[in-house]
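Enquirer: Handing you this structure, nothing more for now.
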Amino acid sequence: QVQLVESGGGLVQAGGSLRLSCAASGRTFSTYAMGWFRQAPGKEREFVAAISWSGGSTYYADSVKGRFTISRDNAKNTVYLQMNSLKPEDTAVYYCAASRYGSSWFRDKETRSTYDYWGQGTQVTVSS
């Protein structure tokens with residue numbers, strides 16, 4: 001089992017930057033593919049970004065492509081989401097998630113049910 005704890009959220013002006021971190025417990029972090037999702041008030045939780053076990057493959061939602069960067073440090077059991085050029089529409093609770101889905105993860109990485117473990121979330125608020 002993996003426990004995930006997000007940090008780094010906060011209030012920022014439009015155009016600013018934040019870096020989210022997600023620390024994982026356990027000694028098998030490198031066996032999990034990781035994802036970031038977000039949920040705005042009244043909306044479904046949506047895919048933001050994902051990264052493969054080694055970090056060699058990364059994927060982004062079209063809405064954040066070119067502005068957000070996902071990375072991981074397996075030695076530190078941590079996955080990051082660098083968010084630049086933030087917009088008010090990026091305001092949401094951001095969740096990290098871990099998947100042991102196997103090779104099918106590449107096909108289903110944007111689907112919430114692909115992920116086995118979730119953090120509690122961290123609030124990101126972007127003011128205009």
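For the structure tokens, the naming scheme is as follows: chains receive sequential letters (A, B, ...) according to their order of presentation, residues are indexed from 1 within each chain, and ligands are indexed from 1 in presentation order.
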When DSSP works through the backbone of this structure, what residues of chain A end up as helix (DSSP H, G or I), shown as JSON, numbers by chain?

Expert: {"A": [29, 30, 31, 88, 89, 90, 102, 103, 104, 105, 106, 107, 108, 112, 113, 114]}

Enquirer: Include N, CA and C atoms and write out the residues we just selected as a PDB file, in the first residue's frame.

Expert:
```
ATOM      1  N   PHE A  29       8.061   2.815  -4.592  1.00  0.00           N
ATOM      2  CA  PHE A  29       7.574   3.968  -5.364  1.00  0.00           C
ATOM      3  C   PHE A  29       7.875   3.828  -6.843  1.00  0.00           C
ATOM      4  N   SER A  30       9.045   3.309  -7.175  1.00  0.00           N
ATOM      5  CA  SER A  30       9.445   3.222  -8.579  1.00  0.00           C
ATOM      6  C   SER A  30       8.620   2.201  -9.363  1.00  0.00           C
ATOM      7  N   THR A  31       7.800   1.420  -8.702  1.00  0.00           N
ATOM      8  CA  THR A  31       6.943   0.456  -9.396  1.00  0.00           C
ATOM      9  C   THR A  31       5.569   1.039  -9.734  1.00  0.00           C
ATOM     10  N   PRO A  88      -6.646  31.731 -14.065  1.00  0.00           N
ATOM     11  CA  PRO A  88      -7.743  31.536 -13.106  1.00  0.00           C
ATOM     12  C   PRO A  88      -8.451  30.191 -13.297  1.00  0.00           C
ATOM     13  N   GLU A  89      -8.531  29.717 -14.509  1.00  0.00           N
ATOM     14  CA  GLU A  89      -9.197  28.441 -14.768  1.00  0.00           C
ATOM     15  C   GLU A  89      -8.397  27.234 -14.281  1.00  0.00           C
ATOM     16  N   ASP A  90      -7.179  27.450 -13.799  1.00  0.00           N
ATOM     17  CA  ASP A  90      -6.398  26.375 -13.179  1.00  0.00           C
ATOM     18  C   ASP A  90      -6.774  26.185 -11.712  1.00  0.00           C
ATOM     19  N   GLY A 102       0.220  -1.659 -14.704  1.00  0.00           N
ATOM     20  CA  GLY A 102       0.973  -2.414 -15.688  1.00  0.00           C
ATOM     21  C   GLY A 102       1.012  -1.690 -17.023  1.00  0.00           C
ATOM     22  N   SER A 103       1.357  -2.421 -18.068  1.00  0.00           N
ATOM     23  CA  SER A 103       1.576  -1.793 -19.370  1.00  0.00           C
ATOM     24  C   SER A 103       0.313  -1.148 -19.930  1.00  0.00           C
ATOM     25  N   SER A 104      -0.856  -1.577 -19.482  1.00  0.00           N
ATOM     26  CA  SER A 104      -2.105  -0.965 -19.950  1.00  0.00           C
ATOM     27  C   SER A 104      -2.245   0.464 -19.480  1.00  0.00           C
ATOM     28  N   TRP A 105      -1.427   0.846 -18.511  1.00  0.00           N
ATOM     29  CA  TRP A 105      -1.466   2.229 -18.032  1.00  0.00           C
ATOM     30  C   TRP A 105      -1.235   3.209 -19.180  1.00  0.00           C
ATOM     31  N   PHE A 106      -0.384   2.862 -20.137  1.00  0.00           N
ATOM     32  CA  PHE A 106      -0.104   3.774 -21.248  1.00  0.00           C
ATOM     33  C   PHE A 106      -1.382   4.092 -22.025  1.00  0.00           C
ATOM     34  N   ARG A 107      -2.272   3.129 -22.105  1.00  0.00           N
ATOM     35  CA  ARG A 107      -3.530   3.341 -22.812  1.00  0.00           C
ATOM     36  C   ARG A 107      -4.544   4.067 -21.943  1.00  0.00           C
ATOM     37  N   ASP A 108      -4.537   3.806 -20.648  1.00  0.00           N
ATOM     38  CA  ASP A 108      -5.602   4.287 -19.761  1.00  0.00           C
ATOM     39  C   ASP A 108      -5.136   5.330 -18.759  1.00  0.00           C
ATOM     40  N   ARG A 112      -9.451   7.877 -14.277  1.00  0.00           N
ATOM     41  CA  ARG A 112      -9.301   7.855 -12.809  1.00  0.00           C
ATOM     42  C   ARG A 112      -9.235   6.434 -12.250  1.00  0.00           C
ATOM     43  N   SER A 113      -9.990   5.533 -12.802  1.00  0.00           N
ATOM     44  CA  SER A 113     -10.047   4.169 -12.273  1.00  0.00           C
ATOM     45  C   SER A 113      -8.744   3.406 -12.495  1.00  0.00           C
ATOM     46  N   THR A 114      -7.852   3.942 -13.287  1.00  0.00           N
ATOM     47  CA  THR A 114      -6.541   3.326 -13.519  1.00  0.00           C
ATOM     48  C   THR A 114      -5.645   3.443 -12.292  1.00  0.00           C
TER      49      THR A 114
END
```

Enquirer: Compile the contact shell of range 55-65 of chain A as an NGL selection string: residues with an atom at most 10 Å away, counting only C-alpha atoms, same-chain residues fewer than 4 positions apart removed.

Expert: :A and (30 or 33-37 or 46-51 or 69-74 or 79 or 83-87 or 89-90 or 106 or 109-110)

Enquirer: Filtering to N, CA, C and O atoms, could you give me those residues as an mmCIF file, in the first residue's frame?

Expert:
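Writing the result to again08.cif gives the following:
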```
data_model
loop_
_atom_site.group_PDB
_atom_site.id
_atom_site.type_symbol
_atom_site.label_atom_id
_atom_site.label_comp_id
_atom_site.auth_asym_id
_atom_site.auth_seq_id
_atom_site.Cartn_x
_atom_site.Cartn_y
_atom_site.Cartn_z
ATOM 1 N N SER A 30 9.045 3.309 -7.175
ATOM 2 C CA SER A 30 9.445 3.222 -8.579
ATOM 3 C C SER A 30 8.620 2.201 -9.363
ATOM 4 O O SER A 30 8.725 2.137 -10.591
ATOM 5 N N ALA A 33 3.341 4.000 -11.682
ATOM 6 C CA ALA A 33 3.178 5.155 -12.548
ATOM 7 C C ALA A 33 2.381 6.192 -11.762
ATOM 8 O O ALA A 33 1.559 5.837 -10.906
ATOM 9 N N MET A 34 2.614 7.454 -12.031
ATOM 10 C CA MET A 34 2.002 8.506 -11.223
ATOM 11 C C MET A 34 1.225 9.485 -12.096
ATOM 12 O O MET A 34 1.574 9.720 -13.255
ATOM 13 N N GLY A 35 0.204 10.045 -11.496
ATOM 14 C CA GLY A 35 -0.585 11.034 -12.216
ATOM 15 C C GLY A 35 -0.990 12.185 -11.324
ATOM 16 O O GLY A 35 -0.996 12.058 -10.097
ATOM 17 N N TRP A 36 -1.304 13.303 -11.945
ATOM 18 C CA TRP A 36 -1.910 14.451 -11.268
ATOM 19 C C TRP A 36 -3.279 14.687 -11.903
ATOM 20 O O TRP A 36 -3.411 14.674 -13.134
ATOM 21 N N PHE A 37 -4.249 14.901 -11.048
ATOM 22 C CA PHE A 37 -5.605 15.246 -11.466
ATOM 23 C C PHE A 37 -6.020 16.505 -10.720
ATOM 24 O O PHE A 37 -5.385 16.881 -9.730
ATOM 25 N N GLU A 46 -10.494 15.834 -13.228
ATOM 26 C CA GLU A 46 -9.962 15.677 -14.566
ATOM 27 C C GLU A 46 -8.460 15.429 -14.566
ATOM 28 O O GLU A 46 -7.740 15.878 -13.673
ATOM 29 N N PHE A 47 -8.023 14.743 -15.579
ATOM 30 C CA PHE A 47 -6.619 14.437 -15.761
ATOM 31 C C PHE A 47 -5.820 15.708 -16.060
ATOM 32 O O PHE A 47 -6.273 16.563 -16.832
ATOM 33 N N VAL A 48 -4.623 15.800 -15.460
ATOM 34 C CA VAL A 48 -3.735 16.923 -15.718
ATOM 35 C C VAL A 48 -2.434 16.448 -16.378
ATOM 36 O O VAL A 48 -2.036 16.950 -17.424
ATOM 37 N N ALA A 49 -1.765 15.481 -15.727
ATOM 38 C CA ALA A 49 -0.461 15.026 -16.231
ATOM 39 C C ALA A 49 -0.154 13.654 -15.655
ATOM 40 O O ALA A 49 -0.709 13.266 -14.623
ATOM 41 N N ALA A 50 0.734 12.931 -16.324
ATOM 42 C CA ALA A 50 1.122 11.604 -15.854
ATOM 43 C C ALA A 50 2.558 11.319 -16.241
ATOM 44 O O ALA A 50 3.079 11.890 -17.216
ATOM 45 N N ILE A 51 3.173 10.422 -15.481
ATOM 46 C CA ILE A 51 4.569 10.083 -15.718
ATOM 47 C C ILE A 51 4.763 8.596 -15.475
ATOM 48 O O ILE A 51 4.187 8.016 -14.553
ATOM 49 N N THR A 69 4.811 20.979 -15.995
ATOM 50 C CA THR A 69 5.801 19.925 -16.188
ATOM 51 C C THR A 69 5.733 18.941 -15.029
ATOM 52 O O THR A 69 5.836 19.346 -13.865
ATOM 53 N N ILE A 70 5.564 17.677 -15.351
ATOM 54 C CA ILE A 70 5.569 16.633 -14.333
ATOM 55 C C ILE A 70 6.948 15.981 -14.314
ATOM 56 O O ILE A 70 7.581 15.791 -15.364
ATOM 57 N N SER A 71 7.420 15.659 -13.118
ATOM 58 C CA SER A 71 8.707 14.973 -12.973
ATOM 59 C C SER A 71 8.654 14.114 -11.717
ATOM 60 O O SER A 71 7.727 14.243 -10.907
ATOM 61 N N ARG A 72 9.633 13.245 -11.556
ATOM 62 C CA ARG A 72 9.681 12.414 -10.367
ATOM 63 C C ARG A 72 11.129 12.170 -9.971
ATOM 64 O O ARG A 72 12.040 12.181 -10.807
ATOM 65 N N ASP A 73 11.296 11.934 -8.683
ATOM 66 C CA ASP A 73 12.599 11.577 -8.130
ATOM 67 C C ASP A 73 12.380 10.289 -7.330
ATOM 68 O O ASP A 73 11.884 10.330 -6.202
ATOM 69 N N ASN A 74 12.721 9.174 -7.920
ATOM 70 C CA ASN A 74 12.454 7.893 -7.267
ATOM 71 C C ASN A 74 13.299 7.698 -6.009
ATOM 72 O O ASN A 74 12.908 6.963 -5.102
ATOM 73 N N VAL A 79 6.906 12.880 -6.528
ATOM 74 C CA VAL A 79 6.549 13.348 -7.862
ATOM 75 C C VAL A 79 6.188 14.828 -7.765
ATOM 76 O O VAL A 79 5.651 15.275 -6.747
ATOM 77 N N MET A 83 4.041 24.254 -12.223
ATOM 78 C CA MET A 83 2.967 24.943 -12.919
ATOM 79 C C MET A 83 3.373 26.384 -13.176
ATOM 80 O O MET A 83 3.587 27.146 -12.223
ATOM 81 N N ASN A 84 3.502 26.754 -14.428
ATOM 82 C CA ASN A 84 3.878 28.100 -14.837
ATOM 83 C C ASN A 84 2.734 28.754 -15.608
ATOM 84 O O ASN A 84 1.811 28.075 -16.066
ATOM 85 N N SER A 85 2.809 30.059 -15.735
ATOM 86 C CA SER A 85 1.796 30.818 -16.486
ATOM 87 C C SER A 85 0.391 30.441 -16.042
ATOM 88 O O SER A 85 -0.492 30.170 -16.871
ATOM 89 N N LEU A 86 0.187 30.430 -14.757
ATOM 90 C CA LEU A 86 -1.097 29.983 -14.224
ATOM 91 C C LEU A 86 -2.232 30.918 -14.617
ATOM 92 O O LEU A 86 -2.047 32.141 -14.743
ATOM 93 N N LYS A 87 -3.394 30.324 -14.803
ATOM 94 C CA LYS A 87 -4.599 31.046 -15.209
ATOM 95 C C LYS A 87 -5.686 30.836 -14.154
ATOM 96 O O LYS A 87 -5.672 29.821 -13.444
ATOM 97 N N GLU A 89 -8.531 29.717 -14.509
ATOM 98 C CA GLU A 89 -9.197 28.441 -14.768
ATOM 99 C C GLU A 89 -8.397 27.234 -14.281
ATOM 100 O O GLU A 89 -8.891 26.103 -14.311
ATOM 101 N N ASP A 90 -7.179 27.450 -13.799
ATOM 102 C CA ASP A 90 -6.398 26.375 -13.179
ATOM 103 C C ASP A 90 -6.774 26.185 -11.712
ATOM 104 O O ASP A 90 -6.297 25.253 -11.066
ATOM 105 N N PHE A 106 -0.384 2.862 -20.137
ATOM 106 C CA PHE A 106 -0.104 3.774 -21.248
ATOM 107 C C PHE A 106 -1.382 4.092 -22.025
ATOM 108 O O PHE A 106 -1.544 5.193 -22.547
ATOM 109 N N LYS A 109 -4.023 5.965 -18.969
ATOM 110 C CA LYS A 109 -3.411 6.854 -17.988
ATOM 111 C C LYS A 109 -4.274 8.059 -17.641
ATOM 112 O O LYS A 109 -4.076 8.673 -16.605
ATOM 113 N N GLU A 110 -5.213 8.462 -18.475
ATOM 114 C CA GLU A 110 -6.045 9.621 -18.195
ATOM 115 C C GLU A 110 -7.327 9.247 -17.458
ATOM 116 O O GLU A 110 -8.141 10.118 -17.142
#
```

Enquirer: Extract, using only C-alpha atoms, all DNA, RNA and protein residues at most 12 Å from Ser25 in chain A, discarding same-chain residues fewer than 2 positions from it, and format them as an MDAnalysis selection string.

Expert: chainID A and resid 1:6 22:23 27:30 32 74:79 98 117 119

Enquirer: Which residues are near Val12 in chain A? Cut-off 9 Å, only C-alpha atoms, ignore same chain within fewer than 4 positions. Put them as a short mmCIF file (atom, residue, chain, number, x, y, z; two decimals) with all heavy atoms, in the first residue's frame.

Expert:
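File produced: out14.cif:
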```cif
data_model
loop_
_atom_site.label_atom_id
_atom_site.label_comp_id
_atom_site.auth_asym_id
_atom_site.auth_seq_id
_atom_site.Cartn_x
_atom_site.Cartn_y
_atom_site.Cartn_z
N GLY A 16 1.57 33.64 -12.54
CA GLY A 16 2.56 33.17 -11.59
C GLY A 16 2.82 31.68 -11.69
O GLY A 16 2.29 31.00 -12.58
N SER A 17 3.62 31.18 -10.76
CA SER A 17 4.04 29.78 -10.76
C SER A 17 3.89 29.15 -9.38
O SER A 17 3.97 29.85 -8.37
CB SER A 17 5.51 29.65 -11.20
OG SER A 17 5.72 30.14 -12.50
N LEU A 18 3.68 27.86 -9.39
CA LEU A 18 3.70 27.05 -8.18
C LEU A 18 4.32 25.70 -8.52
O LEU A 18 4.20 25.24 -9.66
CB LEU A 18 2.29 26.81 -7.63
CG LEU A 18 1.58 27.94 -6.89
CD1 LEU A 18 0.14 27.53 -6.58
CD2 LEU A 18 2.30 28.30 -5.61
N LEU A 86 0.19 30.43 -14.76
CA LEU A 86 -1.10 29.98 -14.22
C LEU A 86 -2.23 30.92 -14.62
O LEU A 86 -2.05 32.14 -14.74
CB LEU A 86 -1.01 29.86 -12.71
CG LEU A 86 -0.29 28.59 -12.23
CD1 LEU A 86 0.18 28.73 -10.79
CD2 LEU A 86 -1.19 27.38 -12.38
N VAL A 124 -5.18 24.87 -5.07
CA VAL A 124 -4.50 25.89 -5.87
C VAL A 124 -5.53 26.92 -6.28
O VAL A 124 -6.56 26.57 -6.88
CB VAL A 124 -3.83 25.28 -7.11
CG1 VAL A 124 -3.30 26.37 -8.04
CG2 VAL A 124 -2.71 24.34 -6.70
N THR A 125 -5.28 28.18 -5.95
CA THR A 125 -6.19 29.26 -6.31
C THR A 125 -5.42 30.32 -7.08
O THR A 125 -4.40 30.81 -6.60
CB THR A 125 -6.82 29.89 -5.06
OG1 THR A 125 -7.50 28.88 -4.30
CG2 THR A 125 -7.81 30.98 -5.45
N VAL A 126 -5.90 30.62 -8.27
CA VAL A 126 -5.25 31.60 -9.13
C VAL A 126 -6.17 32.80 -9.27
O VAL A 126 -7.29 32.68 -9.78
CB VAL A 126 -4.92 31.01 -10.52
CG1 VAL A 126 -4.15 32.02 -11.35
CG2 VAL A 126 -4.14 29.71 -10.38
N SER A 127 -5.71 33.94 -8.81
CA SER A 127 -6.53 35.15 -8.87
C SER A 127 -6.24 35.93 -10.15
O SER A 127 -5.12 35.93 -10.66
CB SER A 127 -6.25 36.03 -7.66
OG SER A 127 -4.90 36.47 -7.67
#
```

Enquirer: May I ask for the distance between CA of Trp53 in chain A and CA of Ala24 in chain A, given in Å to one decimal place?

Expert: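 Between CA of Trp53 in chain A and CA of Ala24 in chain A the gap is 13.4 Å.
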